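What follows is the content of final-v3.cif (mmCIF, C-alpha atoms).
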```cif
data_work
loop_
_atom_site.label_atom_id
_atom_site.label_comp_id
_atom_site.auth_asym_id
_atom_site.auth_seq_id
_atom_site.Cartn_x
_atom_site.Cartn_y
_atom_site.Cartn_z
CA MET A 1 0.00 0.00 0.00
CA THR A 2 1.46 3.35 -1.08
CA PHE A 3 1.67 6.06 1.57
CA GLU A 4 -0.13 9.30 0.62
CA PRO A 5 0.67 12.52 2.52
CA VAL A 6 -2.34 14.48 3.76
CA LEU A 7 -1.01 17.69 2.22
CA ASP A 8 1.70 19.01 -0.12
CA LEU A 9 4.64 18.91 2.29
CA LYS A 10 7.07 20.50 -0.16
CA SER A 11 4.83 23.53 -0.69
CA MET A 12 4.01 23.77 3.02
CA PRO A 13 5.99 26.68 4.54
CA LYS A 14 8.60 25.19 6.85
CA ILE A 15 11.07 26.28 9.50
CA GLU A 16 14.54 24.67 9.69
CA LEU A 17 16.48 25.26 12.92
CA HIS A 18 19.16 22.53 12.99
CA ALA A 19 21.12 22.52 9.74
CA HIS A 20 24.91 22.33 9.67
CA LEU A 21 26.22 24.31 6.72
CA THR A 22 28.91 21.90 5.54
CA GLY A 23 26.75 18.83 6.17
CA SER A 24 23.95 20.36 4.11
CA ILE A 25 25.99 20.66 0.90
CA SER A 26 24.53 18.36 -1.74
CA ARG A 27 26.72 15.78 -3.42
CA ARG A 28 25.89 17.45 -6.72
CA CYS A 29 27.36 20.72 -5.42
CA LEU A 30 30.45 18.99 -4.00
CA HIS A 31 30.94 17.33 -7.39
CA GLU A 32 30.69 20.70 -9.17
CA ILE A 33 33.34 22.18 -6.89
CA TRP A 34 35.56 19.14 -7.34
CA GLN A 35 35.29 19.33 -11.14
CA VAL A 36 36.43 22.98 -11.17
CA LYS A 37 39.33 22.30 -8.82
CA LYS A 38 40.37 19.14 -10.63
CA ALA A 39 40.44 20.94 -13.98
CA ALA A 40 42.57 23.70 -12.45
CA GLY A 41 44.95 21.21 -10.82
CA LYS A 42 43.95 22.41 -7.34
CA THR A 43 42.94 19.11 -5.78
CA ASP A 44 44.12 15.51 -5.59
CA LEU A 45 40.94 14.39 -3.85
CA GLU A 46 38.72 11.68 -5.31
CA ASP A 47 35.41 12.61 -6.92
CA PRO A 48 32.81 13.20 -4.16
CA LEU A 49 30.41 10.91 -6.01
CA LEU A 50 32.86 8.06 -5.42
CA VAL A 51 33.68 9.01 -1.83
CA MET A 52 29.99 9.58 -1.03
CA PRO A 53 27.95 7.43 -3.45
CA PRO A 54 24.53 9.02 -4.08
CA ASP A 55 22.65 6.09 -2.54
CA ARG A 56 24.75 5.84 0.62
CA HIS A 57 23.31 7.46 3.78
CA ASP A 58 24.38 5.05 6.54
CA TYR A 59 27.14 7.15 8.09
CA ASP A 60 27.42 6.41 11.82
CA LEU A 61 29.31 8.39 14.45
CA LYS A 62 32.54 6.53 13.61
CA THR A 63 32.44 7.35 9.90
CA PHE A 64 30.55 10.65 9.96
CA PHE A 65 33.11 12.98 11.55
CA PRO A 66 36.12 11.67 9.54
CA LEU A 67 34.10 12.34 6.36
CA PHE A 68 34.38 16.03 7.17
CA SER A 69 37.87 16.22 8.67
CA SER A 70 39.54 14.10 5.99
CA TYR A 71 37.51 15.02 2.92
CA ILE A 72 34.85 17.77 2.83
CA TYR A 73 36.91 20.36 4.73
CA ASN A 74 39.80 19.70 2.33
CA LEU A 75 37.51 20.31 -0.66
CA ILE A 76 35.77 23.39 0.74
CA ASN A 77 39.00 25.16 1.60
CA ASP A 78 38.88 28.56 -0.12
CA VAL A 79 36.54 31.54 -0.49
CA SER A 80 35.22 30.49 -3.88
CA SER A 81 34.15 26.99 -2.80
CA LEU A 82 32.82 28.30 0.53
CA GLU A 83 30.61 30.91 -1.10
CA HIS A 84 29.46 28.60 -3.90
CA SER A 85 28.49 25.84 -1.47
CA THR A 86 26.74 28.24 0.93
CA LYS A 87 24.63 29.69 -1.88
CA SER A 88 23.77 26.18 -3.03
CA VAL A 89 22.64 25.15 0.46
CA VAL A 90 20.39 28.20 0.88
CA THR A 91 18.91 27.67 -2.59
CA ASP A 92 18.20 23.99 -1.89
CA PHE A 93 16.32 24.83 1.30
CA ALA A 94 14.31 27.50 -0.52
CA ARG A 95 13.34 25.03 -3.25
CA ASP A 96 12.09 22.66 -0.57
CA GLY A 97 9.64 25.23 0.76
CA VAL A 98 11.67 26.44 3.74
CA VAL A 99 10.73 30.04 4.62
CA TYR A 100 12.99 30.48 7.65
CA LEU A 101 16.41 28.88 8.05
CA GLU A 102 19.02 28.92 10.78
CA LEU A 103 22.29 27.57 9.44
CA ARG A 104 25.10 26.73 11.83
CA THR A 105 28.82 26.53 11.20
CA THR A 106 32.08 26.35 13.13
CA PRO A 107 34.33 29.25 12.08
CA ARG A 108 37.56 27.96 10.58
CA ALA A 109 40.56 29.61 8.99
CA MET A 110 41.35 28.93 5.34
CA PRO A 111 45.09 29.58 4.99
CA LEU A 112 44.99 28.85 1.25
CA ASP A 113 43.19 32.16 0.73
CA GLY A 114 44.67 33.95 3.73
CA LEU A 115 41.28 33.78 5.41
CA ASP A 116 41.04 33.98 9.19
CA LYS A 117 37.95 32.92 11.16
CA ALA A 118 36.37 36.36 10.90
CA GLY A 119 36.89 36.27 7.14
CA TYR A 120 35.21 32.87 7.05
CA VAL A 121 32.10 34.19 8.81
CA GLU A 122 32.09 37.26 6.55
CA ALA A 123 32.22 35.06 3.43
CA VAL A 124 29.36 32.84 4.65
CA LEU A 125 27.18 35.85 5.44
CA ARG A 126 27.95 37.43 2.07
CA ALA A 127 26.95 34.22 0.29
CA ILE A 128 23.71 33.99 2.31
CA GLU A 129 22.83 37.56 1.38
CA ASP A 130 23.51 36.86 -2.31
CA ALA A 131 21.43 33.66 -2.30
CA GLN A 132 18.48 35.34 -0.61
CA GLU A 133 18.19 37.86 -3.46
CA ASP A 134 16.96 34.98 -5.61
CA ALA A 135 14.85 33.45 -2.83
CA PRO A 136 13.01 36.37 -1.19
CA MET A 137 10.57 34.14 0.70
CA LEU A 138 13.42 32.51 2.65
CA HIS A 139 15.00 34.48 5.49
CA THR A 140 18.23 33.02 6.88
CA ARG A 141 20.12 33.56 10.12
CA LEU A 142 23.49 32.15 11.19
CA ILE A 143 24.52 30.29 14.34
CA LEU A 144 28.22 29.99 15.17
CA SER A 145 29.27 26.67 16.66
CA ILE A 146 31.81 25.87 19.34
CA ASP A 147 33.39 22.49 18.59
CA ARG A 148 33.75 20.11 21.54
CA ARG A 149 37.45 19.81 20.67
CA ASN A 150 37.98 23.57 21.01
CA THR A 151 40.01 25.08 23.83
CA PRO A 152 38.30 27.53 26.18
CA SER A 153 40.03 30.41 24.40
CA GLU A 154 38.85 29.16 21.00
CA ALA A 155 35.32 28.93 22.40
CA SER A 156 35.52 32.53 23.58
CA GLU A 157 36.74 33.51 20.10
CA VAL A 158 33.58 31.99 18.60
CA VAL A 159 31.46 34.05 21.00
CA ALA A 160 33.38 37.20 20.11
CA LEU A 161 32.80 36.55 16.40
CA ALA A 162 29.09 35.99 16.97
CA ASN A 163 28.90 39.30 18.78
CA LEU A 164 30.90 41.03 16.05
CA PHE A 165 28.54 39.91 13.30
CA ARG A 166 25.21 40.23 15.12
CA ASP A 167 24.09 43.10 12.92
CA ARG A 168 24.64 40.88 9.86
CA GLY A 169 22.40 38.06 11.06
CA VAL A 170 24.36 35.96 13.57
CA VAL A 171 21.87 35.11 16.30
CA ALA A 172 23.23 32.37 18.54
CA ILE A 173 25.94 30.02 19.76
CA ASP A 174 25.87 26.24 19.35
CA LEU A 175 27.96 23.49 20.94
CA CYS A 176 28.54 20.55 18.61
CA GLY A 177 31.14 18.10 17.33
CA ASP A 178 32.26 14.57 18.09
CA PRO A 179 30.30 13.57 21.22
CA THR A 180 33.17 11.34 22.37
CA LYS A 181 35.49 14.35 22.68
CA GLY A 182 35.88 17.16 25.15
CA ASP A 183 34.76 18.27 28.59
CA VAL A 184 31.83 20.65 28.19
CA SER A 185 32.37 22.23 31.61
CA LEU A 186 35.43 23.96 30.15
CA PHE A 187 33.10 26.03 27.98
CA THR A 188 31.06 27.49 30.83
CA PRO A 189 32.95 30.84 30.78
CA ALA A 190 32.37 31.19 27.02
CA ILE A 191 28.69 30.31 27.39
CA GLU A 192 28.37 32.90 30.14
CA GLU A 193 29.99 35.47 27.84
CA ALA A 194 27.47 34.62 25.12
CA LYS A 195 24.50 34.97 27.42
CA ALA A 196 25.82 38.23 28.87
CA ALA A 197 26.05 39.55 25.30
CA GLY A 198 22.41 38.61 24.65
CA LEU A 199 23.17 35.76 22.23
CA MET A 200 20.80 32.80 22.14
CA LEU A 201 22.00 29.30 22.93
CA THR A 202 21.37 25.89 21.36
CA ILE A 203 23.25 22.75 22.43
CA HIS A 204 23.72 19.27 20.99
CA PHE A 205 22.29 17.32 23.92
CA ALA A 206 22.71 13.65 24.78
CA GLU A 207 23.09 12.70 21.12
CA ALA A 208 25.28 9.73 22.11
CA GLU A 209 25.82 7.74 25.29
CA ALA A 210 29.30 9.26 25.49
CA SER A 211 27.79 12.74 25.80
CA ALA A 212 24.99 11.82 28.19
CA SER A 213 26.75 11.56 31.52
CA GLU A 214 24.97 12.98 34.54
CA ALA A 215 27.71 15.59 34.95
CA GLU A 216 27.53 16.76 31.31
CA LEU A 217 23.75 17.03 31.20
CA LYS A 218 23.71 18.85 34.54
CA THR A 219 26.29 21.33 33.27
CA ILE A 220 24.39 21.99 30.05
CA MET A 221 21.05 22.43 31.80
CA SER A 222 22.71 24.90 34.19
CA TRP A 223 23.49 27.08 31.17
CA MET A 224 19.71 27.50 30.60
CA PRO A 225 19.85 26.83 26.85
CA ASP A 226 17.06 28.15 24.65
CA ARG A 227 17.00 25.00 22.51
CA LEU A 228 18.38 21.46 22.64
CA GLY A 229 19.34 19.30 19.67
CA HIS A 230 18.78 15.52 19.29
CA VAL A 231 17.80 14.82 22.94
CA ILE A 232 18.29 11.04 22.70
CA HIS A 233 19.96 9.47 25.75
CA VAL A 234 18.10 11.47 28.37
CA PRO A 235 17.35 10.04 31.84
CA GLU A 236 13.90 10.56 33.32
CA THR A 237 15.12 13.13 35.86
CA VAL A 238 16.47 15.33 33.08
CA LYS A 239 13.35 14.81 30.95
CA ARG A 240 11.36 16.30 33.81
CA GLN A 241 13.69 19.31 33.88
CA ILE A 242 13.16 19.81 30.16
CA VAL A 243 9.38 19.64 30.55
CA GLU A 244 9.57 22.22 33.34
CA ARG A 245 11.45 24.58 31.02
CA ARG A 246 8.24 25.62 29.27
CA GLY A 247 8.90 26.93 25.79
CA ILE A 248 12.31 25.32 25.32
CA GLY A 249 12.85 24.21 21.73
CA LEU A 250 13.72 20.60 20.86
CA GLU A 251 15.40 20.15 17.46
CA LEU A 252 14.67 16.54 16.46
CA CYS A 253 16.32 14.97 13.42
CA LEU A 254 14.72 11.67 12.40
CA SER A 255 16.71 10.58 9.33
CA CYS A 256 20.05 11.48 10.87
CA ASN A 257 19.30 9.55 14.05
CA VAL A 258 18.04 6.47 12.19
CA HIS A 259 20.66 6.29 9.43
CA ALA A 260 23.53 6.98 11.84
CA LYS A 261 22.16 4.36 14.25
CA MET A 262 22.00 6.92 17.04
CA ILE A 263 18.77 5.27 18.20
CA VAL A 264 17.74 1.62 18.48
CA GLY A 265 15.23 0.69 15.80
CA SER A 266 13.84 2.56 12.82
CA PHE A 267 11.66 5.63 12.36
CA GLU A 268 8.71 4.32 14.36
CA ALA A 269 11.05 3.99 17.38
CA HIS A 270 12.22 7.60 17.20
CA HIS A 271 11.69 9.70 20.31
CA PHE A 272 9.73 12.25 18.27
CA GLY A 273 6.81 10.01 19.14
CA GLU A 274 7.48 10.59 22.83
CA TRP A 275 8.04 14.34 22.73
CA TRP A 276 5.67 15.88 20.21
CA ARG A 277 2.59 15.70 22.44
CA VAL A 278 4.35 16.70 25.68
CA PRO A 279 3.15 20.09 26.96
CA GLY A 280 5.96 22.54 27.64
CA PRO A 281 8.74 21.91 25.11
CA ILE A 282 8.26 22.89 21.46
CA VAL A 283 9.34 20.19 19.02
CA VAL A 284 10.76 21.29 15.67
CA PRO A 285 11.57 18.62 13.03
CA CYS A 286 14.95 19.34 11.41
CA THR A 287 17.38 17.83 8.89
CA ASP A 288 20.80 18.12 10.60
CA ASP A 289 22.94 17.16 7.55
CA VAL A 290 20.78 16.76 4.47
CA GLY A 291 23.84 16.45 2.24
CA VAL A 292 24.93 13.33 4.12
CA PHE A 293 21.62 11.71 5.06
CA GLY A 294 19.72 12.67 1.92
CA SER A 295 16.42 13.68 3.49
CA PRO A 296 15.18 17.25 2.84
CA LEU A 297 12.91 18.87 5.39
CA SER A 298 9.77 18.07 3.39
CA ASN A 299 10.70 14.38 3.66
CA GLU A 300 11.25 14.65 7.42
CA TRP A 301 7.64 15.85 7.69
CA ARG A 302 6.54 13.00 5.43
CA LEU A 303 8.28 10.51 7.72
CA ILE A 304 6.55 12.04 10.73
CA GLN A 305 3.15 11.70 9.15
CA GLU A 306 3.85 8.19 7.89
CA HIS A 307 5.23 6.73 11.11
CA PHE A 308 3.34 8.70 13.77
CA ASN A 309 0.00 9.16 11.99
CA LEU A 310 -0.28 12.91 12.44
CA GLN A 311 -3.37 14.36 10.83
CA ARG A 312 -3.36 17.43 8.61
CA GLU A 313 -4.16 19.96 11.35
CA GLU A 314 -1.71 18.34 13.76
CA ILE A 315 1.07 18.77 11.19
CA LEU A 316 0.17 22.40 10.53
CA GLU A 317 -0.12 23.21 14.22
CA LEU A 318 3.27 21.64 14.97
CA ALA A 319 4.85 23.57 12.08
CA ARG A 320 3.36 26.84 13.37
CA LYS A 321 4.67 26.26 16.89
CA GLY A 322 8.22 26.40 15.57
CA VAL A 323 7.84 30.16 15.11
CA HIS A 324 7.99 30.57 18.90
CA VAL A 325 11.54 29.19 19.21
CA ILE A 326 13.31 30.82 16.27
CA PHE A 327 16.21 33.07 17.23
CA ALA A 328 15.16 36.03 15.08
CA GLY A 329 13.22 38.98 16.48
CA ASP A 330 9.54 39.83 16.70
CA ASP A 331 9.32 41.27 13.18
CA GLU A 332 10.42 37.95 11.71
CA LYS A 333 8.03 36.03 13.95
CA THR A 334 5.18 38.24 12.76
CA ARG A 335 6.18 37.63 9.12
CA LEU A 336 6.19 33.88 9.69
CA GLU A 337 2.87 33.88 11.50
CA GLY A 338 1.42 35.40 8.34
CA ILE A 339 3.05 32.80 6.07
CA MET A 340 2.59 29.50 7.91
CA TRP A 341 -0.46 27.52 6.85
#
```

structure tokens encoding of this file:
Amino acid sequence: MTFEPVLDLKSMPKIELHAHLTGSISRRCLHEIWQVKKAAGKTDLEDPLLVMPPDRHDYDLKTFFPLFSSYIYNLINDVSSLEHSTKSVVTDFARDGVVYLELRTTPRAMPLDGLDKAGYVEAVLRAIEDAQEDAPMLHTRLILSIDRRNTPSEASEVVALANLFRDRGVVAIDLCGDPTKGDVSLFTPAIEEAKAAGLMLTIHFAEAEASASEAELKTIMSWMPDRLGHVIHVPETVKRQIVERRGIGLELCLSCNVHAKMIVGSFEAHHFGEWWRVPGPIVVPCTDDVGVFGSPLSNEWRLIQEHFNLQREEILELARKGVHVIFAGDDEKTRLEGIMW
């Protein structure tokens, strides 16, 4: 029996709040960049379509992070490829019916072009602005990510950059990266700096057992984050704390969690089914890394309807609730309230 969505999920206006810039680059775009560099003798890397075959999406935590550190970061290593890929990502989200997008990225230097971390952020913002000229219905903001492998001083540098570029659309700080690395308590001073500066805060939370210790979750909850991402290996005591934080946003990424085997079972076992009806938190379906896991936001909504039997009005109501946890200001929220179905 063929599954039939209850509405046109691609045309439905959607909000995307958990999308990593580099992980959202399509394989087609990576291939285009590789072709240009290969022809100019600027890369010895293999064709992305061989490294990342179009039908492969089963990257787990052991293979996922090396894909970036050993390949994608070495391909996207100059201003031209950074701007081209950023524009492509924004355009892809717009074509999928996304009307508000928060991209996130970890600032990194690109010595090949003499680009420092501030230059990296500037280039990303410039590319976003250019892409939005051709996609006026999509408004995009940027979140700067602290990597779990960063030093405390590097974390503070990320906060300083976020503050520097606030008037260009940087709205928040994220903590992400390999969940088996780092001691998050070392970032408390940087997080305090971010909050003192009025920046919003979203955190990758209990996405793996290695990042779900009692000490780590207690530290993160003490930061009073505005949103949490993934929210997988969460003990009951912490779930109660989340519920008590009325209005906290939960960024849930079905395809990523299933394909990367971050949960036990398939889509019907995903904890979306536990959280979406809980009063207090606001659940927002997200893609995480659509370039890796191959599921655009419209498909994430399709999976939700298919596996959790949401009816038309339940889908629309859940989509509208996402407006309350975006990191843009009241004017943008008002715009979205007028757009969402």

Quick one: which residues end up in the PyMOL selection byres ((chain A and resi 143) around 7) for this structure, as an MDAnalysis selection string?
-> chainID A and resid 102:105 141:142 144:145 170:174

Leu50 of chain A surroundings by only C-alpha atoms, 12 Å radius, close-in-sequence under 3 positions cut, as a ChimeraX atom specification = /A:27-28,30-31,34,45-47,53-56,71

Matched chain/residue IDs from the PyMOL selection byres ((chain A and resi 156) around 9), as a PyMOL selection string | chain A and resi 146+151-155+157-161+187+189-191+193-194

Shell around Cys286 of chain A at 8 Å using all atoms listed in the file, local window under 6 positions removed, as a VMD selection string | chain A and resid 16 to 19 251 to 254 297 300

Taking into account only C-alpha atoms, which residue in the set A:Gly291, A:Pro235, A:Gly249, A:Pro179 is nearest to Ser85 of chain A?
-> A:Gly291

Result set of the PyMOL selection byres ((chain A and resi 60) around 8) on the coordinates above, as a ChimeraX atom specification = /A:58-59,61-64,259-262

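In this structure, atom CA of Val98 of chain A sits 5.8 Å away from atom CA of Ile15 of chain A.
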
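Taking atom CA of Ala197 of chain A as the reference point, atom CA of Val79 of chain A is found at 29.0 Å.
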
Ala118 of chain A: which residues within 9 Å, counting all atoms listed in the file, same-chain residues fewer than 6 positions away excluded, as a ChimeraX atom specification?
-> /A:107-109,161,164-165

Place a sphere of radius 12 Å on (5.8, 15.9, 26.6) in the file coordinates and name every protein, DNA or RNA residue with an atom inside or on its surface, counting all atoms listed in the file; give the answer as a short mmCIF file (atom, residue, chain, number, x, y, z; two decimals) with C-alpha atoms, keeping the file's coordinate frame.
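New file out26.cif:
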```cif
data_model
loop_
_atom_site.label_atom_id
_atom_site.label_comp_id
_atom_site.auth_asym_id
_atom_site.auth_seq_id
_atom_site.Cartn_x
_atom_site.Cartn_y
_atom_site.Cartn_z
CA GLU A 236 13.90 10.56 33.32
CA LYS A 239 13.35 14.81 30.95
CA ARG A 240 11.36 16.30 33.81
CA GLN A 241 13.69 19.31 33.88
CA ILE A 242 13.16 19.81 30.16
CA VAL A 243 9.38 19.64 30.55
CA GLU A 244 9.57 22.22 33.34
CA ARG A 245 11.45 24.58 31.02
CA ARG A 246 8.24 25.62 29.27
CA GLY A 247 8.90 26.93 25.79
CA ILE A 248 12.31 25.32 25.32
CA GLY A 249 12.85 24.21 21.73
CA LEU A 250 13.72 20.60 20.86
CA HIS A 271 11.69 9.70 20.31
CA PHE A 272 9.73 12.25 18.27
CA GLY A 273 6.81 10.01 19.14
CA GLU A 274 7.48 10.59 22.83
CA TRP A 275 8.04 14.34 22.73
CA TRP A 276 5.67 15.88 20.21
CA ARG A 277 2.59 15.70 22.44
CA VAL A 278 4.35 16.70 25.68
CA PRO A 279 3.15 20.09 26.96
CA GLY A 280 5.96 22.54 27.64
CA PRO A 281 8.74 21.91 25.11
CA ILE A 282 8.26 22.89 21.46
CA VAL A 283 9.34 20.19 19.02
#
```

Hey, what's within 9 Å of Asp96 of chain A if we count only C-alpha atoms and toss same-chain stuff fewer than 2 positions away? As an NGL selection string, please?
-> :A and (9-14 or 91-94 or 98 or 296-298)

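The space between atom CA of Val36 of chain A and atom CA of Ile76 of chain A spans 11.9 Å.
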
May I have the protein, DNA and RNA residues with any atom at most 12 Å from the point (-2.7, 16.3, 16.1), counting all atoms listed in the file, written as a list in words?
-> Gly273, Trp276, Arg277, Val278, Ile304, Gln305, Phe308, Asn309, Leu310, Gln311, Arg312, Glu313, Glu314, Ile315, Leu316, Glu317, Leu318 and Ala319 of chain A

Output C-alpha atoms of each residue in that selection to a file, as a CSV table (one decimal), in the coordinates of the input.
```csv
chain,number,residue,atom,x,y,z
A,273,GLY,CA,6.8,10.0,19.1
A,276,TRP,CA,5.7,15.9,20.2
A,277,ARG,CA,2.6,15.7,22.4
A,278,VAL,CA,4.4,16.7,25.7
A,304,ILE,CA,6.6,12.0,10.7
A,305,GLN,CA,3.2,11.7,9.2
A,308,PHE,CA,3.3,8.7,13.8
A,309,ASN,CA,0.0,9.2,12.0
A,310,LEU,CA,-0.3,12.9,12.4
A,311,GLN,CA,-3.4,14.4,10.8
A,312,ARG,CA,-3.4,17.4,8.6
A,313,GLU,CA,-4.2,20.0,11.4
A,314,GLU,CA,-1.7,18.3,13.8
A,315,ILE,CA,1.1,18.8,11.2
A,316,LEU,CA,0.2,22.4,10.5
A,317,GLU,CA,-0.1,23.2,14.2
A,318,LEU,CA,3.3,21.6,15.0
A,319,ALA,CA,4.8,23.6,12.1
```
